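Undergrad: Before I ask anything, let me first share the structure, which is written out below as structure tokens.
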Amino acid sequence: MKSVNNSEVFVLLSKKTAIFLLISILVICLLTPGCSGTMDSTIDNLFDADGKQDQDFPAEDTKVLLENVSSGATVDYSDFDGDNSVTSSDGELVKILLDDENTKIEGDFSQVVEFIDKDNQQIINITAGGVYLLSGRLSNGQIYVDSGEAQVRLIFSNVNVSCRGNAPIYLNNGKKVVITLAEGSDNFLSDTEDYSQASCETDSTTGEVSYEPNGALFSKKSLTINGSGRLTIDGNFNNGISCKDELKIIDAKVCVKAVNNGIKGNDFVALRNAEIVVDSIGDGIKSSKDNNVLKGFVCIDGSNVKVTSGEDGIQAVTTVAVYDGVLSVNATLKGIKSDNAMLIAGGTAYVTSSSDDTLNSNDFIDIVGGDITLSAKDDGIHADNEICIKAGKVSVVKSYEGIEACLINVEGGNVSVVSSDDGFNASNGNGGNGGNGGMGGMGGPGWRMDSAGSGASGGANANKTCELNISGGSVYVNASGDGLDSNGNITFTGGTTIVNGPTSGGNGILDSGDGGYQILVKGGTLIAAGTSSMLDTPSSQSTQCVVVATMSSSLNDLAIVNSDGETIVRFTPDKQYQAVIISSPLLKVGETYGLYTGSSSGTLVAEFKVSSVLTTIGNGAGGMGGPGGMGRPGSGSGSDWPGGGRPGRW
């Protein structure tokens with residue numbers, strides 16, 4: 001058994017010299033193992049020749065995702081977290097055989113374990129630190145741990161505990177508890193709708209009643225679940241797993257069904273190489289600590305995670321960070337929600353919301369890798385302040401507005417958006433669907449800081465200048481509203497951008513803000529087509545040549561061919577268009593070109609000379625030029641395109 005030493009930690013990183021509470025771990029994964037099993041294994045057959053399970057705890061180097069200063073927020077995986085053996089280092093392994101009133105201990109350990117028969121319940125009371133190996137069944141009972149400041153490790157080997165009126169597992173310890181799921185074991189916990197035997201408090205102001213414990217697996221201090229076995233939890237009262245401190249799940253297979261939150265860790269939830277299934281009426285996975293900027297986060301590292309939730313799928317007060325793996329989230333409200341920051345750094349994610357946004361942050365979202373597919377009732381990706389996409393693949397297959405934030409930067413990756421309203425919307429929240437904003441004025445992890453060092457917040461966006469900047473990557477938009485919309489400037493400096501915009505009036509293909517804002521093309525390839533109504537064209541202050549053509553409604557392919565008969569740009573539309581805006585680094589001032597339509601006939605409909613950075617042809621621009629004897633467009637093969645790629649559908 002290989003354990004992780006204390007130096008192997010995952011560090012939350014800062015960005016732009018601000019302390020940026022992002023965890024350099026994490027993301028996600030789809031899990032499909034079932035939530036059933038048998039109880040036919042015994043303690044003895046778990047051991048091999050050396051008394052340990054034949055498995056290794058995965059050791060990984062610290063992952064550095066962003067090039068800046070580390071903050072003080074970390075996820076530290078200690079040797080104790082990683083110990084998944086079925087032995088005790090000091091030889092004092094306490095074996096407890098659960099069998100209702102016939103429960104017994106192998107050996108004389110009555111000084112550390114007490115059996116209590118109370119209200120027809122069998123309570124196993126563990127009062128001292130150590131390692132305890134449990135197997136068997138309690139039909140109405142509880143495992144209760146209260147060993148003060150001593151650490152406890154519980155090994156579950158086909159444990160099945162049901163409890164009426166209280167939590168089947170109540171960890172009231174003053175120090176961390178580790179639960180190890182023995183290799184090959186299936187373990188089950190279930191409670192009832194009534195927690196009549198739990199302590200409760202009533203808020204004098206709101207009248208709200210809170211219970212302790214409030215979950216089928218409840219821990220007052222830090223809890224780690226490890227091992228390669230399976231744990232199935234049926235939470236009928238409140239949460240499935242509820243931890244008031246740090247919660248880590250390592251390697252283990254955990255399946256949770258709950259009437260409130262599925263998995264809740266107050267300080268944080270860290271999932272590492274685990275397989276998780278959650279079906280909850282409330283939030284799926286949640287961290288709620290709101291008075292410490294170094295806490296309140298959810299980090300997912302190389303895990304298979306499947307969440308079905310009646311509220312938010314994954315919710316954190318400070319940061320949600322995802323690195324590697326497969327994640328499937330099907331939520332009624334927000335798919336993945338952070339009150340402050342979000343980082344997607346790799347892996348594969350499928351996120352669906354039936355009534356809200358799929359990715360939502362009150363501050364900012366960074367996507368630096370991964371393959372993300374989003375289907376939203378509202379926004380595909382929404383951040384009150386900033387969205388930055390640097391790498392990876394982002395596919396918004398359904399949305400009201402595809403990607404919305406005050407500042408949107410696309411620096412790389414492959415981004416595809418389908419929306420019933422705006423494809424991209426750089427909005428400051430004045431009108432429309434702007435967010436409520438963050439707390440503001442804090443700084444620290446989970447926050448970007450402005451030049452004065454103050455914390456950014458969505459609520460402060462009313463006076464901010466919005467921008468949409470595309471400097472790299474590939475962007476495809478199919479929008480029924482504005483294709484690309486900004487309350488400020490829209491700037492293109494690189495990449496390939498294809499926009500299939502609206503087909504009727506009331507919206508524009510591109511739409512910059514009122515009051516002197518403009519569309520600037522300084523690089524990259526741009527093809528944007530749609531209605532000629534509300535046509536907002538690039539500024540003459542652009543530095544790369546732009547052609548704006550208007551015509552009768554068409555669904556034909558479109559191509560620009562130079563005087564040597566070489567295809568400069570070809571566009572295959574997804575719907576009718578009356579206007580098209582084209583810019584390419586291959587368009588040169590002083591050169592003559594032909595505009596062709598029709599993928600098979602290659603009909604020359606206009607011949608034009610680029611005499612300045614902005615050229616307009618077609619209706620309202622002097623009429624369409626006649627055929628000029630130029631070569632027809634090529635067949636549309638990859639060799640016709642800049643860089644060998646077709647800037648149409650991909």
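Every chain in the structure tokens has a letter given in the order shown (A, B, ...), and although residue numbers restart at 1 in each chain, ligands are simply numbered from 1 in the order shown.
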What lies within 12 Å of A:Ile155 using only C-alpha atoms, ignoring chain neighbours under 4 positions off, as a VMD selection string?

TA: chain A and resid 43 46 53 83 to 88 93 to 97 130 to 135 159 177 to 183 185 to 187 224 to 231

Undergrad: Kindly export the residues of the current selection with N, CA, C and O atoms, as a compact mmCIF listing (two decimals), in the first residue's frame.

TA:
# COMPACT_ATOMS: atom_id res chain seq x y z
N ILE A 43 -14.97 -10.99 7.08
CA ILE A 43 -13.76 -10.23 7.42
C ILE A 43 -12.51 -10.97 6.98
O ILE A 43 -11.60 -10.40 6.39
N LEU A 46 -10.76 -10.82 3.44
CA LEU A 46 -10.26 -9.53 2.96
C LEU A 46 -8.74 -9.46 3.00
O LEU A 46 -8.14 -8.61 2.37
N GLN A 53 -4.91 -5.02 1.93
CA GLN A 53 -5.62 -5.14 0.67
C GLN A 53 -4.66 -4.86 -0.48
O GLN A 53 -3.76 -4.04 -0.36
N ASP A 83 -4.54 5.96 4.19
CA ASP A 83 -4.42 4.62 4.73
C ASP A 83 -5.71 3.84 4.49
O ASP A 83 -6.73 4.08 5.13
N ASN A 84 -5.67 2.89 3.56
CA ASN A 84 -6.85 2.08 3.27
C ASN A 84 -6.61 0.60 3.53
O ASN A 84 -7.31 -0.26 2.99
N SER A 85 -5.63 0.28 4.35
CA SER A 85 -5.36 -1.11 4.69
C SER A 85 -6.43 -1.62 5.65
O SER A 85 -7.20 -0.85 6.22
N VAL A 86 -6.49 -2.91 5.83
CA VAL A 86 -7.43 -3.50 6.78
C VAL A 86 -6.69 -4.02 8.01
O VAL A 86 -7.07 -5.00 8.64
N THR A 87 -5.61 -3.33 8.33
CA THR A 87 -4.85 -3.64 9.54
C THR A 87 -4.63 -2.36 10.32
O THR A 87 -4.91 -1.25 9.85
N SER A 88 -4.11 -2.48 11.51
CA SER A 88 -3.75 -1.34 12.33
C SER A 88 -2.24 -1.31 12.48
O SER A 88 -1.60 -2.34 12.67
N LEU A 93 -6.25 -3.93 16.20
CA LEU A 93 -7.41 -3.87 15.31
C LEU A 93 -8.61 -4.44 16.05
O LEU A 93 -8.62 -5.61 16.45
N VAL A 94 -9.63 -3.61 16.24
CA VAL A 94 -10.83 -4.02 16.96
C VAL A 94 -11.86 -4.50 15.94
O VAL A 94 -12.30 -3.73 15.09
N LYS A 95 -12.25 -5.78 16.02
CA LYS A 95 -13.21 -6.36 15.09
C LYS A 95 -14.58 -6.41 15.74
O LYS A 95 -14.76 -7.03 16.80
N ILE A 96 -15.56 -5.75 15.11
CA ILE A 96 -16.92 -5.69 15.63
C ILE A 96 -17.84 -6.39 14.64
O ILE A 96 -17.89 -6.02 13.46
N LEU A 97 -18.57 -7.42 15.10
CA LEU A 97 -19.48 -8.18 14.27
C LEU A 97 -20.90 -7.73 14.60
O LEU A 97 -21.43 -8.04 15.68
N GLY A 130 -8.38 4.70 17.47
CA GLY A 130 -7.89 3.42 17.01
C GLY A 130 -8.51 3.02 15.69
O GLY A 130 -9.13 3.84 15.00
N VAL A 131 -8.32 1.75 15.32
CA VAL A 131 -8.83 1.23 14.06
C VAL A 131 -9.85 0.15 14.37
O VAL A 131 -9.57 -0.79 15.14
N TYR A 132 -11.04 0.27 13.76
CA TYR A 132 -12.15 -0.63 14.04
C TYR A 132 -12.65 -1.24 12.74
O TYR A 132 -12.97 -0.52 11.79
N LEU A 133 -12.70 -2.56 12.70
CA LEU A 133 -13.15 -3.28 11.53
C LEU A 133 -14.55 -3.82 11.79
O LEU A 133 -14.77 -4.64 12.69
N LEU A 134 -15.53 -3.31 11.01
CA LEU A 134 -16.92 -3.65 11.25
C LEU A 134 -17.50 -4.43 10.07
O LEU A 134 -17.20 -4.13 8.91
N SER A 135 -18.35 -5.42 10.40
CA SER A 135 -19.09 -6.14 9.39
C SER A 135 -20.43 -6.55 9.98
O SER A 135 -20.61 -6.56 11.21
N VAL A 159 -21.01 -3.71 5.67
CA VAL A 159 -21.79 -3.15 6.78
C VAL A 159 -23.14 -2.70 6.26
O VAL A 159 -23.24 -2.06 5.20
N VAL A 177 -12.13 11.59 11.43
CA VAL A 177 -12.46 10.18 11.29
C VAL A 177 -12.23 9.78 9.84
O VAL A 177 -12.60 10.53 8.92
N VAL A 178 -11.63 8.63 9.61
CA VAL A 178 -11.48 8.06 8.28
C VAL A 178 -12.34 6.80 8.21
O VAL A 178 -12.26 5.94 9.10
N ILE A 179 -13.16 6.71 7.17
CA ILE A 179 -13.92 5.50 6.90
C ILE A 179 -13.31 4.83 5.69
O ILE A 179 -13.24 5.43 4.61
N THR A 180 -12.84 3.61 5.85
CA THR A 180 -12.26 2.83 4.76
C THR A 180 -13.27 1.80 4.30
O THR A 180 -13.78 1.02 5.11
N LEU A 181 -13.56 1.80 3.00
CA LEU A 181 -14.46 0.82 2.41
C LEU A 181 -13.61 -0.34 1.92
O LEU A 181 -12.85 -0.20 0.95
N ALA A 182 -13.68 -1.46 2.61
CA ALA A 182 -12.81 -2.59 2.31
C ALA A 182 -13.00 -3.06 0.88
O ALA A 182 -14.10 -3.03 0.32
N GLU A 183 -11.92 -3.53 0.30
CA GLU A 183 -11.93 -3.97 -1.08
C GLU A 183 -12.98 -5.06 -1.30
O GLU A 183 -13.07 -6.03 -0.55
N SER A 185 -16.15 -4.85 -0.86
CA SER A 185 -17.29 -4.81 0.05
C SER A 185 -18.40 -3.90 -0.48
O SER A 185 -18.16 -2.94 -1.20
N ASP A 186 -19.65 -4.24 -0.11
CA ASP A 186 -20.82 -3.40 -0.37
C ASP A 186 -21.40 -3.00 0.98
O ASP A 186 -21.73 -3.87 1.80
N ASN A 187 -21.54 -1.71 1.20
CA ASN A 187 -21.95 -1.19 2.49
C ASN A 187 -23.17 -0.29 2.32
O ASN A 187 -23.24 0.47 1.34
N THR A 224 -12.83 11.66 6.07
CA THR A 224 -12.30 11.12 4.82
C THR A 224 -12.90 9.75 4.59
O THR A 224 -12.94 8.92 5.50
N ILE A 225 -13.37 9.51 3.37
CA ILE A 225 -13.84 8.19 2.96
C ILE A 225 -12.88 7.68 1.90
O ILE A 225 -12.67 8.35 0.88
N ASN A 226 -12.27 6.52 2.13
CA ASN A 226 -11.33 5.98 1.15
C ASN A 226 -11.59 4.50 0.93
O ASN A 226 -12.52 3.92 1.49
N GLY A 227 -10.75 3.86 0.14
CA GLY A 227 -10.88 2.44 -0.13
C GLY A 227 -11.58 2.17 -1.45
O GLY A 227 -12.18 3.05 -2.04
N SER A 228 -11.51 0.93 -1.90
CA SER A 228 -12.05 0.58 -3.21
C SER A 228 -13.41 -0.11 -3.13
O SER A 228 -13.94 -0.57 -4.14
N GLY A 229 -13.99 -0.18 -1.93
CA GLY A 229 -15.32 -0.75 -1.79
C GLY A 229 -16.40 0.23 -2.19
O GLY A 229 -16.13 1.31 -2.72
N ARG A 230 -17.64 -0.15 -1.92
CA ARG A 230 -18.79 0.67 -2.30
C ARG A 230 -19.62 1.01 -1.06
O ARG A 230 -19.83 0.18 -0.18
N LEU A 231 -20.11 2.26 -1.04
CA LEU A 231 -21.00 2.71 0.03
C LEU A 231 -22.26 3.29 -0.59
O LEU A 231 -22.19 4.21 -1.42

Undergrad: What's the 9 Å shell around stretch 546-562 of chain A, counting only C-alpha atoms, without same-chain residues fewer than 3 positions away, as number ranges by chain?

TA: A: 521, 526, 531-532, 537-538, 540, 542, 565-584, 587, 591-600, 602, 610, 612-621, 624, 630-634

Undergrad: Show which residues sit within 12 Å of A:Gly508, as a ChimeraX atom specification. Count only C-alpha atoms, and ignore same-chain residues fewer than 6 positions away.

TA: /A:421-423,479-486,499-502,528-537,577-581

Undergrad: Please, what distance in Å, to one decimal, runs between atom CA of A:Ala216 and atom CA of A:Gly235?

TA: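 We find that atom CA of A:Ala216 and atom CA of A:Gly235 lie 5.4 Å from each other.
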
Undergrad: At what distance in Å, to one decimal, does atom CA of A:Asn507 lie from atom CA of A:Ile367?

TA: 28.5 Å

Undergrad: Give me the residues near A:Gly141 as a PyMOL selection string, where near means some atom within 6 Å (using only C-alpha atoms) and where sequence neighbours in that chain fewer than 4 positions away do not count.

TA: chain A and resi 121-123+163

Undergrad: With only C-alpha atoms as the counted atoms, please give the residues lying no more than 6 Å from A:Val259, apart from itself and same-chain residues fewer than 4 positions off, as number ranges by chain.

TA: A: 236, 238, 280-281

Undergrad: Figure out the distance between atom CA of A:Glu275 and atom CA of A:Asn158, please, to one decimal in Å.

TA: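 Calculated distance between atom CA of A:Asn158 and atom CA of A:Glu275 is 18.1 Å.
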